[in-house]
Each structure stands twice: as structure tokens, then as C-alpha cells.
>>> print(open('coords_36.txt').read())   # compact mmCIF, C-alpha atoms
# COMPACT_ATOMS: atom_id res chain seq x y z
CA MET A 12 71.70 108.76 93.32
CA ARG A 13 72.79 105.88 95.56
CA SER A 14 74.05 106.52 99.09
CA LYS A 15 77.67 105.69 99.93
CA LYS A 16 76.66 102.51 101.78
CA ALA A 17 74.49 101.44 98.86
CA ASN A 18 77.40 102.14 96.51
CA ILE A 19 79.68 99.93 98.59
CA LEU A 20 77.19 97.06 98.51
CA TYR A 21 76.69 97.58 94.79
CA GLY A 22 80.45 97.66 94.20
CA ILE A 23 81.21 94.41 96.06
CA ASP A 24 82.44 91.64 93.79
CA TRP A 25 79.82 89.04 94.64
CA ILE A 26 81.57 86.42 92.52
CA LEU A 27 84.53 86.49 94.94
CA VAL A 28 82.08 86.36 97.85
CA LEU A 29 80.40 83.33 96.26
CA PHE A 30 83.77 81.59 95.86
CA TYR A 31 84.47 82.30 99.52
CA LEU A 32 81.16 80.84 100.68
CA VAL A 33 81.49 77.73 98.52
CA LEU A 34 85.07 77.05 99.64
CA ILE A 35 84.38 77.43 103.37
CA PHE A 36 81.27 75.24 103.04
CA LEU A 37 83.21 72.50 101.25
CA GLY A 38 86.02 72.90 103.74
CA TRP A 39 83.71 72.46 106.72
CA ILE A 40 82.03 69.39 105.17
CA ASN A 41 85.44 67.74 104.89
CA ILE A 42 86.49 68.78 108.40
CA TYR A 43 83.25 67.23 109.63
CA SER A 44 84.01 64.00 107.77
CA ALA A 45 87.61 63.89 109.02
CA THR A 46 86.75 64.45 112.71
CA VAL A 47 83.27 63.01 113.29
CA THR A 48 82.98 59.69 115.14
CA GLU A 49 80.30 57.03 115.00
CA THR A 50 79.02 58.11 118.41
CA GLU A 51 79.03 61.86 117.65
CA GLN A 52 77.38 62.17 114.22
CA GLU A 53 75.53 65.39 114.95
CA LEU A 54 75.90 68.75 113.23
CA ILE A 55 75.65 70.88 116.37
CA ASN A 56 78.28 69.85 118.90
CA PHE A 57 80.58 72.73 119.73
CA THR A 58 82.95 70.56 121.79
CA THR A 59 84.15 68.78 118.64
CA GLU A 60 86.64 70.12 116.13
CA TYR A 61 84.02 70.44 113.40
CA GLY A 62 81.79 72.23 115.91
CA LYS A 63 84.55 74.66 116.86
CA GLN A 64 85.27 75.31 113.18
CA LEU A 65 81.58 76.08 112.68
CA VAL A 66 81.86 78.69 115.45
CA TRP A 67 84.88 80.26 113.72
CA ILE A 68 82.95 80.32 110.43
CA GLY A 69 79.98 81.98 112.14
CA LEU A 70 82.25 84.59 113.75
CA SER A 71 83.82 85.28 110.36
CA PHE A 72 80.70 87.16 109.25
CA PRO A 73 80.89 89.86 111.96
CA LEU A 74 84.60 90.10 111.10
CA ILE A 75 83.70 90.63 107.43
CA PHE A 76 81.18 93.31 108.44
CA ILE A 77 83.88 95.15 110.43
CA ILE A 78 86.34 94.95 107.51
CA LEU A 79 83.75 96.38 105.10
CA LEU A 80 82.73 99.03 107.63
CA PHE A 81 86.09 100.82 107.43
CA GLU A 82 86.65 103.25 104.59
CA ALA A 83 88.87 101.81 101.88
CA LYS A 84 91.36 104.64 102.37
CA PHE A 85 91.86 103.49 105.97
CA TYR A 86 93.82 100.43 104.85
CA GLU A 87 96.26 102.52 102.83
CA LYS A 88 96.61 105.31 105.37
CA TYR A 89 97.38 103.02 108.32
CA ALA A 90 99.20 100.23 106.45
CA SER A 91 102.54 101.06 108.11
CA ILE A 92 101.03 101.08 111.61
CA ILE A 93 99.26 97.77 110.97
CA TYR A 94 102.57 96.31 109.78
CA ILE A 95 104.45 97.47 112.91
CA ILE A 96 101.73 96.07 115.18
CA SER A 97 101.96 92.75 113.33
CA LEU A 98 105.73 92.59 113.93
CA ILE A 99 105.19 93.34 117.62
CA SER A 100 102.71 90.46 117.79
CA LEU A 101 105.40 88.13 116.40
CA VAL A 102 108.07 89.39 118.80
CA GLY A 103 105.67 88.96 121.73
CA LEU A 104 105.44 85.23 121.05
CA PHE A 105 108.97 84.70 122.34
CA ALA A 106 107.86 85.97 125.74
CA PHE A 107 104.17 85.07 125.95
CA GLY A 108 103.66 82.47 123.23
CA LYS A 109 102.30 78.96 123.65
CA ASN A 110 104.32 76.03 122.32
CA ILE A 111 102.31 73.58 120.22
CA ASN A 112 103.96 70.74 118.30
CA GLY A 113 107.41 72.20 118.85
CA ALA A 114 106.66 75.73 117.60
CA THR A 115 105.97 78.82 119.72
CA SER A 116 103.50 80.30 117.25
CA TRP A 117 100.32 80.80 119.28
CA TYR A 118 98.85 83.04 121.96
CA ASP A 119 96.70 81.21 124.48
CA ILE A 120 93.27 82.83 124.80
CA GLY A 121 92.12 82.01 128.30
CA GLY A 122 92.77 78.31 127.86
CA VAL A 123 89.77 78.12 125.51
CA SER A 124 91.46 78.68 122.19
CA SER A 125 94.69 79.83 120.57
CA ILE A 126 95.49 82.57 118.06
CA GLN A 127 98.34 82.26 115.56
CA PRO A 128 99.44 85.82 114.66
CA SER A 129 101.46 84.73 111.61
CA GLU A 130 98.17 84.03 109.81
CA PHE A 131 97.21 87.71 110.15
CA VAL A 132 100.68 89.11 109.49
CA LYS A 133 100.35 88.15 105.80
CA ALA A 134 97.62 90.75 105.33
CA ALA A 135 99.71 93.36 107.15
CA VAL A 136 102.73 92.64 104.93
CA ALA A 137 100.57 92.82 101.80
CA LEU A 138 99.24 96.22 102.91
CA ALA A 139 102.70 97.58 103.81
CA LEU A 140 104.23 96.40 100.55
CA SER A 141 101.33 97.85 98.56
CA LYS A 142 101.74 101.22 100.25
CA LEU A 143 105.48 101.27 99.61
CA VAL A 144 105.25 100.22 95.96
CA SER A 145 102.37 102.61 95.21
CA ASP A 146 104.37 105.65 96.33
CA LYS A 147 104.91 107.97 93.37
CA LEU A 148 108.64 108.25 94.07
CA PHE A 149 109.12 104.51 94.45
CA ASN A 150 111.10 102.86 91.65
CA LEU A 151 111.86 99.15 91.74
CA LYS A 152 114.74 99.68 89.29
CA LYS A 153 116.73 101.41 92.04
CA PHE A 154 118.80 99.38 94.50
CA ASN A 155 117.79 101.28 97.64
CA THR A 156 114.07 100.85 96.93
CA GLN A 157 114.59 97.16 96.19
CA ILE A 158 116.19 96.78 99.62
CA GLN A 159 113.24 98.58 101.25
CA ALA A 160 110.76 96.21 99.64
CA LEU A 161 112.78 93.11 100.53
CA LEU A 162 113.21 94.24 104.15
CA ILE A 163 109.42 94.44 104.53
CA LEU A 164 109.35 90.75 103.63
CA PHE A 165 112.47 89.79 105.57
CA PHE A 166 111.48 90.89 109.08
CA PRO A 167 108.27 88.82 109.47
CA ALA A 168 109.81 85.85 107.63
CA PHE A 169 112.83 85.93 109.96
CA LEU A 170 110.72 86.15 113.14
CA ILE A 171 108.45 83.32 111.98
CA THR A 172 111.44 81.12 111.11
CA LEU A 173 112.77 81.56 114.66
CA GLN A 174 109.54 80.17 116.19
CA PRO A 175 110.45 77.80 114.37
CA ASP A 176 107.82 77.71 111.63
CA PRO A 177 109.75 77.66 108.32
CA GLY A 178 106.64 76.61 106.39
CA SER A 179 104.76 79.82 107.19
CA ALA A 180 107.91 81.87 106.51
CA LEU A 181 108.20 80.30 103.06
CA VAL A 182 104.98 82.03 101.99
CA TYR A 183 106.77 85.40 101.85
CA THR A 184 108.84 84.29 98.87
CA ALA A 185 105.62 84.59 96.84
CA PHE A 186 105.82 88.39 97.06
CA ILE A 187 108.83 88.35 94.71
CA PHE A 188 106.45 87.63 91.82
CA VAL A 189 104.29 90.59 92.87
CA LEU A 190 107.33 92.87 92.91
CA HIS A 191 108.37 91.53 89.51
CA ARG A 192 104.91 92.40 88.20
CA GLU A 193 105.50 95.97 89.41
CA GLY A 194 108.97 96.37 87.88
CA LEU A 195 111.48 94.34 89.88
CA PRO A 196 114.16 93.13 87.40
CA PHE A 197 113.86 89.50 86.30
CA TYR A 198 117.34 88.67 87.58
CA PHE A 199 115.88 88.59 91.10
CA ILE A 200 113.77 85.61 90.09
CA THR A 201 116.89 84.10 88.50
CA ILE A 202 118.75 84.62 91.78
CA GLY A 203 115.87 82.98 93.59
CA PHE A 204 116.03 79.98 91.26
CA ILE A 205 119.80 79.67 91.80
CA ALA A 206 119.28 79.98 95.57
CA LEU A 207 116.74 77.14 95.41
CA ILE A 208 119.27 74.94 93.58
CA LEU A 209 121.97 75.79 96.13
CA PHE A 210 119.51 75.11 98.94
CA ILE A 211 118.67 71.65 97.61
CA THR A 212 122.27 70.72 96.79
CA THR A 213 123.45 71.87 100.23
CA LEU A 214 120.86 69.69 101.94
CA TYR A 215 121.66 66.74 99.71
CA PHE A 216 125.45 66.90 99.38
CA GLY A 217 126.36 68.85 102.51
CA PHE A 218 128.09 72.18 103.10
CA ILE A 219 131.66 71.20 102.12
CA ASN A 220 130.73 69.34 98.92
CA THR A 221 128.36 72.08 97.72
CA LEU A 222 130.93 74.78 98.49
CA ALA A 223 133.62 72.85 96.60
CA GLY A 224 131.31 72.21 93.67
CA SER A 225 130.35 75.89 93.52
CA LEU A 226 134.04 76.85 93.59
CA VAL A 227 134.76 74.60 90.60
CA LEU A 228 131.80 76.10 88.73
CA PHE A 229 132.95 79.67 89.41
CA LEU A 230 136.52 78.82 88.38
CA LEU A 231 135.16 77.52 85.06
CA ILE A 232 133.20 80.77 84.63
CA ILE A 233 136.35 82.79 85.34
CA LEU A 234 138.34 80.73 82.83
CA TYR A 235 135.63 81.24 80.21
CA PHE A 236 135.63 85.02 80.66
CA ASN A 237 139.43 85.13 80.80
CA PHE A 238 139.90 83.30 77.49
CA TYR A 239 136.83 84.30 75.50
CA ARG A 240 135.62 87.58 76.96
CA LYS A 241 138.76 89.23 78.34
CA LYS A 242 137.36 92.76 78.25
CA ALA A 243 134.28 91.75 80.22
CA PHE A 244 136.48 89.85 82.65
CA LYS A 245 138.73 92.85 83.28
CA ARG A 246 135.71 95.02 84.04
CA GLY A 247 133.80 92.48 86.14
CA TRP A 248 136.17 90.06 87.84
CA LEU A 249 135.52 91.66 91.21
CA LYS A 250 131.78 91.16 90.69
CA ILE A 251 132.33 87.49 89.86
CA ILE A 252 134.34 86.97 93.05
CA GLY A 253 131.73 88.93 95.02
CA ILE A 254 128.94 86.73 93.66
CA TYR A 255 130.84 83.62 94.72
CA LEU A 256 131.37 84.99 98.23
CA VAL A 257 127.65 85.74 98.52
CA ALA A 258 126.85 82.22 97.27
CA ALA A 259 129.31 80.75 99.78
CA PHE A 260 127.68 82.70 102.61
CA PHE A 261 124.24 81.51 101.48
CA ILE A 262 125.43 77.87 101.42
CA PHE A 263 126.85 78.29 104.93
CA SER A 264 123.57 79.89 106.10
CA VAL A 265 121.48 77.03 104.72
CA ASP A 266 123.72 74.49 106.43
CA PHE A 267 123.63 76.41 109.73
CA VAL A 268 119.84 76.87 109.72
CA PHE A 269 119.27 73.25 108.73
CA ASN A 270 121.50 71.85 111.47
CA HIS A 271 121.04 74.38 114.26
CA VAL A 272 117.65 76.12 113.77
CA PHE A 273 115.45 73.39 112.27
CA GLU A 274 114.26 70.73 114.65
CA GLN A 275 115.07 67.07 113.96
CA ARG A 276 111.56 66.49 112.57
CA HIS A 277 112.14 69.20 109.95
CA ARG A 278 115.52 67.71 109.00
CA ASP A 279 114.04 64.23 108.76
CA ARG A 280 111.27 65.41 106.42
CA PHE A 281 113.73 67.02 104.03
CA ASN A 282 115.98 63.95 104.11
CA ILE A 283 113.03 61.71 103.27
CA LEU A 284 111.91 63.99 100.43
CA LEU A 285 115.43 64.07 98.99
CA GLY A 286 115.67 60.31 99.20
CA LYS A 287 118.55 60.33 101.67
CA THR A 288 116.56 58.23 104.12
CA THR A 289 113.47 56.01 103.93
CA ASP A 290 110.98 56.04 106.77
CA ILE A 291 107.32 55.06 106.42
CA LYS A 292 106.76 54.33 110.10
CA SER A 293 107.95 57.49 111.85
CA ILE A 294 108.56 60.89 110.20
CA GLY A 295 107.51 59.59 106.79
CA TYR A 296 104.37 57.97 108.15
CA ASN A 297 102.08 60.93 107.45
CA THR A 298 103.21 61.30 103.85
CA ASN A 299 102.96 57.57 103.17
CA GLN A 300 99.46 57.39 104.63
CA SER A 301 98.47 60.54 102.76
CA VAL A 302 99.50 59.15 99.37
CA THR A 303 97.84 55.79 100.12
CA THR A 304 94.60 57.51 101.21
CA ILE A 305 94.49 59.66 98.07
CA ALA A 306 95.03 56.61 95.86
CA SER A 307 92.27 54.69 97.63
CA GLY A 308 89.63 57.17 96.45
CA GLY A 309 89.87 56.05 92.84
CA LEU A 310 87.91 57.90 90.17
CA THR A 311 84.66 58.70 91.95
CA GLY A 312 85.54 58.23 95.62
CA LYS A 313 83.94 56.13 98.35
CA GLY A 314 81.24 58.59 99.30
CA PHE A 315 80.62 61.06 102.12
CA LEU A 316 81.56 59.52 105.50
CA GLU A 317 82.42 56.28 103.69
CA GLY A 318 86.17 56.74 103.46
CA GLU A 319 87.62 53.80 105.35
CA ARG A 320 91.02 55.36 105.86
CA THR A 321 89.55 58.74 106.81
CA GLN A 322 87.11 57.21 109.28
CA GLY A 323 89.87 54.93 110.57
CA ASP A 324 92.17 57.89 111.36
CA PHE A 325 95.01 56.48 109.29
CA VAL A 326 96.32 60.00 108.53
CA PRO A 327 97.23 61.84 111.77
CA GLU A 328 95.77 65.37 112.09
CA GLN A 329 93.94 64.81 108.81
CA GLN A 330 91.64 67.77 109.43
CA THR A 331 94.50 70.29 109.29
CA ASP A 332 97.34 70.18 106.75
CA TYR A 333 96.18 66.87 105.21
CA ILE A 334 92.51 67.74 104.70
CA PHE A 335 92.85 67.22 100.94
CA THR A 336 93.25 63.48 101.58
CA THR A 337 89.66 63.43 102.86
CA VAL A 338 88.52 65.13 99.67
CA SER A 339 90.41 62.64 97.54
CA GLU A 340 89.26 59.49 99.33
CA GLU A 341 85.59 60.37 99.65
CA TRP A 342 85.13 62.36 96.44
CA GLY A 343 87.72 60.62 94.30
CA PHE A 344 89.71 62.03 91.42
CA LEU A 345 86.66 63.81 89.99
CA GLY A 346 85.75 65.50 93.27
CA SER A 347 89.31 66.51 94.11
CA SER A 348 89.72 67.84 90.55
CA LEU A 349 86.61 69.95 91.07
CA VAL A 350 88.17 71.46 94.22
CA VAL A 351 91.39 72.21 92.31
CA ILE A 352 89.37 73.84 89.50
CA LEU A 353 87.47 75.94 92.04
CA PHE A 354 90.75 77.23 93.48
CA VAL A 355 92.12 77.95 89.99
CA PHE A 356 89.06 80.01 89.03
CA PHE A 357 89.14 81.71 92.43
CA LEU A 358 92.74 82.79 91.80
CA LEU A 359 91.94 83.89 88.24
CA ARG A 360 89.07 85.98 89.55
CA ILE A 361 91.35 87.71 92.07
CA ILE A 362 93.83 88.51 89.29
CA HIS A 363 91.02 89.79 87.04
CA VAL A 364 89.70 92.04 89.82
CA ALA A 365 93.25 93.24 90.58
CA GLU A 366 93.77 94.25 86.96
CA ARG A 367 90.67 96.48 86.91
CA GLN A 368 91.80 98.54 89.92
CA LYS A 369 92.24 102.27 89.38
CA THR A 370 94.86 102.71 92.10
CA LYS A 371 98.26 101.05 92.26
CA PHE A 372 97.81 100.34 95.96
CA SER A 373 94.71 98.21 95.35
CA ARG A 374 96.26 96.45 92.36
CA VAL A 375 99.44 95.50 94.24
CA TYR A 376 97.40 94.29 97.19
CA GLY A 377 95.25 92.17 94.87
CA TYR A 378 98.28 90.53 93.30
CA SER A 379 99.76 90.01 96.76
CA ILE A 380 96.81 88.01 98.05
CA ALA A 381 96.68 86.05 94.78
CA ALA A 382 100.33 85.10 95.34
CA ILE A 383 99.64 84.11 98.96
CA PHE A 384 96.62 81.95 98.10
CA PHE A 385 98.49 80.35 95.20
CA THR A 386 101.49 79.52 97.39
CA HIS A 387 99.35 77.97 100.11
CA PHE A 388 97.33 75.98 97.60
CA THR A 389 100.34 74.73 95.62
CA ILE A 390 102.51 73.78 98.60
CA ASN A 391 99.67 72.10 100.50
CA ILE A 392 98.58 69.97 97.54
CA GLY A 393 102.22 69.14 96.73
CA MET A 394 102.75 68.17 100.36
CA VAL A 395 99.83 65.73 100.57
CA LEU A 396 100.87 64.21 97.22
CA GLY A 397 104.34 63.57 98.64
CA ILE A 398 106.23 65.73 96.13
CA LEU A 399 107.00 68.46 98.70
CA PRO A 400 108.08 68.15 102.36
CA THR A 401 105.57 68.42 105.20
CA ILE A 402 106.03 72.01 106.34
CA GLY A 403 102.70 72.94 107.91
CA ILE A 404 100.97 74.97 105.20
CA PRO A 405 97.15 74.98 105.53
CA LEU A 406 94.84 74.66 102.54
CA PRO A 407 92.87 77.96 102.41
CA PHE A 408 89.31 77.67 103.79
CA PHE A 409 89.64 73.88 104.08
CA SER A 410 92.14 73.18 106.85
CA TYR A 411 90.87 73.19 110.41
CA GLY A 412 91.89 76.22 112.45
CA GLY A 413 90.29 79.50 113.40
CA SER A 414 93.42 81.61 112.89
CA ALA A 415 93.93 80.31 109.35
CA LEU A 416 90.27 80.83 108.44
CA TRP A 417 90.21 84.35 109.84
CA GLY A 418 93.59 85.19 108.31
CA PHE A 419 92.44 84.20 104.82
CA THR A 420 89.11 85.97 105.39
CA VAL A 421 90.89 89.21 106.33
CA LEU A 422 93.16 88.93 103.28
CA LEU A 423 90.27 88.47 100.88
CA PHE A 424 87.73 90.93 102.26
CA ILE A 425 90.17 93.82 102.59
CA PHE A 426 90.66 93.38 98.86
CA ILE A 427 86.90 93.17 98.27
CA ARG A 428 86.53 96.41 100.27
CA LEU A 429 89.22 98.13 98.19
CA ASP A 430 87.62 96.92 94.97
CA ALA A 431 84.16 98.12 96.04
CA ASN A 432 85.62 101.60 96.35
CA ARG A 433 87.41 101.69 92.99
CA SER A 434 84.94 103.97 91.19
CA TYR A 435 84.85 106.86 93.68
CA GLU A 436 86.48 108.52 96.68
CA TRP A 437 90.06 108.19 95.30
>>> encode(input="coords_36.txt", output="C-alpha cells")
Amino acid sequence: MRSKKANILYGIDWILVLFYLVLIFLGWINIYSATVTETEQELINFTTEYGKQLVWIGLSFPLIFIILLFEAKFYEKYASIIYIISLISLVGLFAFGKNINGATSWYDIGGVSSIQPSEFVKAAVALALSKLVSDKLFNLKKFNTQIQALLILFFPAFLITLQPDPGSALVYTAFIFVLHREGLPFYFITIGFIALILFITTLYFGFINTLAGSLVLFLLIILYFNFYRKKAFKRGWLKIIGIYLVAAFFIFSVDFVFNHVFEQRHRDRFNILLGKTTDIKSIGYNTNQSVTTIASGGLTGKGFLEGERTQGDFVPEQQTDYIFTTVSEEWGFLGSSLVVILFVFFLLRIIHVAERQKTKFSRVYGYSIAAIFFTHFTINIGMVLGILPTIGIPLPFFSYGGSALWGFTVLLFIFIRLDANRSYEW
């Protein structure tokens, strides 16, 4: 009979581990290409960005060992405490945080490096939500339990938005699909879709015009119910008015946040995306250069370290949010398609492993990290292609940054640890 440690090693999903290793290797190769200079073409130089990323990758393996060292039950038992600590880490930023690029999202570590707690909070939220949903008495059909679940998502998203870092806060909308998978009524997704439409129309047409347009729409709905469904109207006219008031408040909130919370650079990016302004030299410069760099790669790419636009630093901070442009220019359409396919199979594998879990806690956590990875991947690729605004979403395992790498590593390997334990101890 195998020992417990042997069982854990035997139970590890090595396919997910292989995906992890391949993705971080490909990510580092592209960070190297995006940051290396003609005078510093050496693999071991820890003063460079690619050298620092290599250190973070190396330190990821002791981190993985620590994650696997804890009993799987530990993550469920202490999920609430981990969540509270994560919120405290976000609150602490307002007093002790370091401002970088207009956002107070980092803790300075002795002037040597910086840690971004929001990258680790995602794992804490996934654990807390999994614990809540897996409770035997929890029922997502009930209003009070729905509020509990949504509040778990609201608090970190709200604190991150105030930094301000709306891009990172946007990730928490992905959990709605997880909750829907576990029984949340579909009308929540419908509400989310309507909210997205109101959000876009408010930004495009302004607060007054959107409010007036919504009022006309609701008056038409009232007239329809009054003439064609009088009984339904008599029973639900207060609900219809209540829905409009909620919509009006949401429209006002969007307008307020856009004009008073977002910085000018955030407003400019949305205005460019919506076509309200054209700017390829200032705020729109990154997106324009990104699209041009991707197109320059052609079918097969220009080759490793041969990307003229990558080596010429045409895309600012290309090693972070725009790392996919390096992939596209040097590897071309075929190489970038391979990266996309790798991510798709990686996500499918997570979902497959989530479905085989024997506990609801592990299954919900698995779907949560799948939603997080999918959101990061989709928004980042959409951003570099110019079909979504630049909102600072890193590409998992590719974008430069120790916090992002460690955050995604923690997310994945907690799940691998839970999965390794699925056949015993529960």
C-alpha cells in the first residue's frame, strides 16, 4: 500500500503540471525577446527584466512545494480566514501602498521588488466562494444566499477599483458563470448583459441621454403590459418601476465612476475604443502599435529575436500586458495560434479535472480558476488586438511580473493539490 505522500504524488494531474511548465517556458522566452538588448544577449543576467522573471520562475517551485505540502482539507477549513487576510492586504494599500503608473496597487519590498496583492486575492476569493457554495444548507435559489455569494465578490472588486485598477476588478465578474453552474438563476446573467449594454450606452451617449432613452423604453414596456397583459401589469407594475429605478441608479453610478473615479487615461481609452475620439499618438499609441506589430508577423513570423518592431521597442511595456505582440511578430499567425490552442486545451483540462471531483468544494474551486484564467486570456488577447480597451490584464504565465506569475501559480496548484486528494481523506 502506498504511503500518503506517495499517494499525493501519484494523484497529481501531471498533464496540468506539463501545461504549466510549457506555458511559463514559452512566456519567459518571449519576455527575453521583448526585453533583451544587443549588448545584453546573455541568459543569466539578473539585473534585467528577463533575468528577474527567471528568478521569480525559480522561486515558484519552492512555492509549489509549500502549496502541495499542506493537507487538502487545510484550504477548505481556513478559506474564510485566508479571504479576510486578503481583504486586509487590499485595505493596507491605501496606507502603505506604492503608486506605480497611477495606481496604488503594490507593496514595496525593501526597494528591491514590489508585490501586488490583488494577484493573490483571486485565489482567496475562489476558496471563500467554494466554501460558501459547498455548504450543505447553501441554496443559490434563495435571495439571501445569492446576496452572500455576491458580497464575497463585491468587497475585493470594490477595493481594487478604488486603487484605481478597474481592469483587475473586472476579473471578478467571471465568478457569475461559476455560480450559474452551481444553480444561480439564468436571469442574473441576463441582468449582467443588460448592465453591460447600459454601461456602454452611458459611456457613449452620456448620463442624461441614456437615462432618457431608458425611460422611453420602460414607458413602452408599461404601455405593452397595460394594453396586452393587464393582469400581469396590475400584479407587477411596482416591480417594473423598481427595475427602472435600479437601472437609473446604475446609469448614474457608471457616469459617476467614469468621470470621478477613473483617471483621464482610463476615460481616454474607453473613448477611443467607442470611436468617440481618435488618437494614435498619445493614449491610442499602444493599441495602434500593438495591432501594427501583430500584423507585421504575417503567417510564419520573422523568427526569434528577429522582430523589428519588438527589438525596436515600438510597443511600450511590451513585456507586460502586450507580450502577445512579441509572440505574433516573431512566431507569426501559426505560432500565435499554437499559443491560443495551448491555452484552450489548458482550460479544457481544468474543466475536465473539475468535473471529476468528488467534493463540491473542489469542483467549485476548479470552475473558479477556469473562469479566472479564461477571463485573463480573453481580455488580454482582445486588448492587444484592439477590440477591447487597455485595462491592464496580464496574459497568464506570459506577462512579465512576479506577482502575476505567483498569483496564477497559487491558483493552479491549490487546485492540483485538491485534485490529488480526491480519492481519499474526504
>>> closest_residue(input="coords_36.txt", among="A:Phe426, A:Phe216, A:Phe72, A:Tyr118", to="A:Ile35", atoms="only C-alpha atoms")
A:Phe72
>>> residues_around(input="coords_36.txt", residues="A:Leu29", least_positions_apart="6", cutoff="12 Å", atoms="all atoms listed in the file", output="NGL selection string")
:A and (23 or 35-36 or 353 or 356-357 or 360 or 427)
>>> residues_around(input="coords_36.txt", residues="stretch 342-345 of chain A", least_positions_apart="3", cutoff="8 Å", atoms="all atoms listed in the file", output="JSON, numbers by chain")
{"A": [305, 308, 309, 310, 311, 312, 313, 314, 315, 337, 338, 339, 348, 349]}
>>> residues_around(input="coords_36.txt", residues="A:Ile92", least_positions_apart="3", cutoff="12 Å", atoms="only C-alpha atoms", output="list in words")
Phe85, Tyr86, Glu87, Lys88, Tyr89, Ile95, Ile96, Ser97, Leu98, Ile99, Ala135, Val136, Leu138, Ala139 and Lys142 of chain A
>>> closest_residue(input="coords_36.txt", among="A:Ile252, A:Ala431, A:Leu195, A:Ile208", to="A:Lys152", atoms="all atoms listed in the file")
A:Leu195
>>> residues_around(input="coords_36.txt", residues="A:Ala180", least_positions_apart="4", cutoff="8 Å", atoms="all atoms listed in the file", output="list in words")
Pro167, Ala168, Phe169, Ile171, Thr172 and Asp176 of chain A
>>> residues_near_point(input="coords_36.txt", point="(87.0, 59.1, 106.2)", cutoff="7 Å", atoms="only C-alpha atoms", output="number ranges by chain")
A: 44-45, 316-323, 337, 341
>>> closest_residue(input="coords_36.txt", among="A:Phe263, A:Tyr376, A:Tyr61, A:Tyr183", to="A:Ile219", atoms="all atoms listed in the file")
A:Phe263
>>> atom_distance(input="coords_36.txt", atom1="atom CA of A:Glu60", atom2="atom CA of A:Val302")
23.8 Å
>>> atom_distance(input="coords_36.txt", atom1="atom CA of A:Phe204", atom2="atom CA of A:Ala185")
12.7 Å
>>> atom_distance(input="coords_36.txt", atom1="atom CA of A:Phe149", atom2="atom CA of A:Ile78")
27.9 Å
>>> closest_residue(input="coords_36.txt", among="A:Pro175, A:Pro128, A:Lys133, A:Gln300", to="A:Asn110", atoms="only C-alpha atoms")
A:Pro175
>>> closest_residue(input="coords_36.txt", among="A:Ser225, A:Thr420, A:Ser347, A:Thr298", to="A:Leu37", atoms="all atoms listed in the file")
A:Ser347
>>> closest_residue(input="coords_36.txt", among="A:Ile211, A:Leu358, A:Val47, A:Ile404", to="A:Tyr31", atoms="all atoms listed in the file")
A:Leu358
>>> residues_around(input="coords_36.txt", residues="A:Gly108", least_positions_apart="5", cutoff="10 Å", atoms="only C-alpha atoms", output="VMD selection string")
chain A and resid 100 to 103 114 to 119 125 to 127 174
>>> build_atoms(input="coords_36.txt", residues="stretch 341-355 of chain A", atoms="N, CA and C atoms", output="PDB file, in the frame of the given file")
ATOM      1  N   GLU A 341      87.051  60.436  99.661  1.00  0.00           N
ATOM      2  CA  GLU A 341      85.590  60.370  99.650  1.00  0.00           C
ATOM      3  C   GLU A 341      84.970  60.893  98.360  1.00  0.00           C
ATOM      4  N   TRP A 342      85.662  61.808  97.676  1.00  0.00           N
ATOM      5  CA  TRP A 342      85.130  62.360  96.440  1.00  0.00           C
ATOM      6  C   TRP A 342      85.846  61.847  95.207  1.00  0.00           C
ATOM      7  N   GLY A 343      86.977  61.186  95.413  1.00  0.00           N
ATOM      8  CA  GLY A 343      87.720  60.620  94.300  1.00  0.00           C
ATOM      9  C   GLY A 343      88.440  61.637  93.452  1.00  0.00           C
ATOM     10  N   PHE A 344      88.968  61.163  92.333  1.00  0.00           N
ATOM     11  CA  PHE A 344      89.710  62.030  91.420  1.00  0.00           C
ATOM     12  C   PHE A 344      88.811  63.141  90.868  1.00  0.00           C
ATOM     13  N   LEU A 345      87.573  62.804  90.557  1.00  0.00           N
ATOM     14  CA  LEU A 345      86.660  63.810  89.990  1.00  0.00           C
ATOM     15  C   LEU A 345      86.348  64.903  91.007  1.00  0.00           C
ATOM     16  N   GLY A 346      86.065  64.515  92.242  1.00  0.00           N
ATOM     17  CA  GLY A 346      85.750  65.500  93.270  1.00  0.00           C
ATOM     18  C   GLY A 346      86.940  66.362  93.636  1.00  0.00           C
ATOM     19  N   SER A 347      88.115  65.735  93.771  1.00  0.00           N
ATOM     20  CA  SER A 347      89.310  66.510  94.110  1.00  0.00           C
ATOM     21  C   SER A 347      89.696  67.430  92.947  1.00  0.00           C
ATOM     22  N   SER A 348      89.467  66.977  91.716  1.00  0.00           N
ATOM     23  CA  SER A 348      89.720  67.840  90.550  1.00  0.00           C
ATOM     24  C   SER A 348      88.807  69.049  90.557  1.00  0.00           C
ATOM     25  N   LEU A 349      87.553  68.840  90.978  1.00  0.00           N
ATOM     26  CA  LEU A 349      86.610  69.950  91.070  1.00  0.00           C
ATOM     27  C   LEU A 349      87.097  70.995  92.078  1.00  0.00           C
ATOM     28  N   VAL A 350      87.638  70.533  93.216  1.00  0.00           N
ATOM     29  CA  VAL A 350      88.170  71.460  94.220  1.00  0.00           C
ATOM     30  C   VAL A 350      89.350  72.235  93.648  1.00  0.00           C
ATOM     31  N   VAL A 351      90.244  71.543  92.937  1.00  0.00           N
ATOM     32  CA  VAL A 351      91.390  72.210  92.310  1.00  0.00           C
ATOM     33  C   VAL A 351      90.907  73.254  91.303  1.00  0.00           C
ATOM     34  N   ILE A 352      89.912  72.900  90.492  1.00  0.00           N
ATOM     35  CA  ILE A 352      89.370  73.840  89.500  1.00  0.00           C
ATOM     36  C   ILE A 352      88.758  75.054  90.180  1.00  0.00           C
ATOM     37  N   LEU A 353      88.057  74.823  91.286  1.00  0.00           N
ATOM     38  CA  LEU A 353      87.470  75.940  92.040  1.00  0.00           C
ATOM     39  C   LEU A 353      88.558  76.913  92.497  1.00  0.00           C
ATOM     40  N   PHE A 354      89.644  76.377  93.029  1.00  0.00           N
ATOM     41  CA  PHE A 354      90.750  77.230  93.480  1.00  0.00           C
ATOM     42  C   PHE A 354      91.380  77.973  92.298  1.00  0.00           C
ATOM     43  N   VAL A 355      91.526  77.308  91.175  1.00  0.00           N
ATOM     44  CA  VAL A 355      92.120  77.950  89.990  1.00  0.00           C
ATOM     45  C   VAL A 355      91.253  79.121  89.537  1.00  0.00           C
TER      46      VAL A 355
END
